[in-house]
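Undergrad: Sharing a structure, written as structure tokens. Questions coming.
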Amino acid sequence: MSKRDTRPIEAGDRFEIRDPRDAGKVVEVVEVKPNALGALRYLIRTEVHPRNPSAVGRAVRVQENTLRTTYKRVSR
């Protein structure tokens with residue numbers, strides 16, 4: 001898979017972090033929702049985190065740019 005993945009991000013997509021220090025961290029997109037300015041925001045939930053097991057289940061909202069640069073898609 002190329003580094004510049006341009007496919008649309010949808011709920012259910014899974015991503016793995018690119019940073020080798022947190023290798024193995026996997027997040028899933030739970031919800032896609034536009035903010036007040038119309039930009040899409042993604043609610044992601046941590047599924048696997050080898051270095052911090054207490055982070056599993058934690059959910060945060062991120063922008064598309066963060067998902068595309070910090071994470072790489074592992075499955076749809």
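In the structure tokens, the first chain shown is A, the next is B, and so on; residue numbers restart at 1 for each chain, and ligands run from 1 in the order shown.
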For segment 38-52 of chain A, find every residue with an atom within 6 Å (counting only C-alpha atoms), except residues of its own chain fewer than 2 positions away, and show them as a list in words.
TA: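 These residues fall inside the cut-off: Lys25, Val26, Val27, Glu28, Val29, Val30, Glu31, Val32, Lys33, Pro34, Asn35, Ala36, Ser54, Ala55, Val56, Gly57, Arg58, Ala59, Val60, Arg61, Val62 and Gln63 of chain A.
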Undergrad: When DSSP is applied to the backbone of this structure, which of segment 1-71 of chain A are assigned strand (DSSP E or B)? Write them out as a PyMOL selection string.
TA: chain A and resi 14-17+26-34+40-48+59-63+71
Undergrad: Using atom CA of Asp5 of chain A and atom CA of Ile17 of chain A as the two end points, give the distance in Å to one decimal.
TA: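 Taking atom CA of Asp5 of chain A as the start and atom CA of Ile17 of chain A as the end point, the length is 14.3 Å.
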Undergrad: Select, from A:Glu64, A:Thr70, A:Pro53, A:Gly24, the residue with the minimum atom-to-atom distance to Arg7 of chain A, counting only C-alpha atoms.
TA: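 Closest to Arg7 of chain A of all the choices is A:Glu64.
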Undergrad: Provide the atom CA of Arg73 of chain A to atom CA of Asp13 of chain A distance in Å, to one decimal place.
TA: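 That distance, rounded to one decimal, is 7.4 Å.
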Undergrad: Could you tell me how far atom CA of Asn65 of chain A sits from atom CA of Ala11 of chain A, in Å to one decimal place?
TA: 16.1 Å
Undergrad: I need the helix (DSSP H, G or I) residues of segment 2-73 of chain A per DSSP on the backbone, written as a list in words.
TA: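 Taking segment 2-73 of chain A and keeping helix (DSSP H, G or I) only, one gets Pro20, Arg21, Asp22, Pro53, Ser54, Ala55, Glu64, Asn65, Thr66, Leu67, Arg68, Thr69 and Thr70 of chain A.
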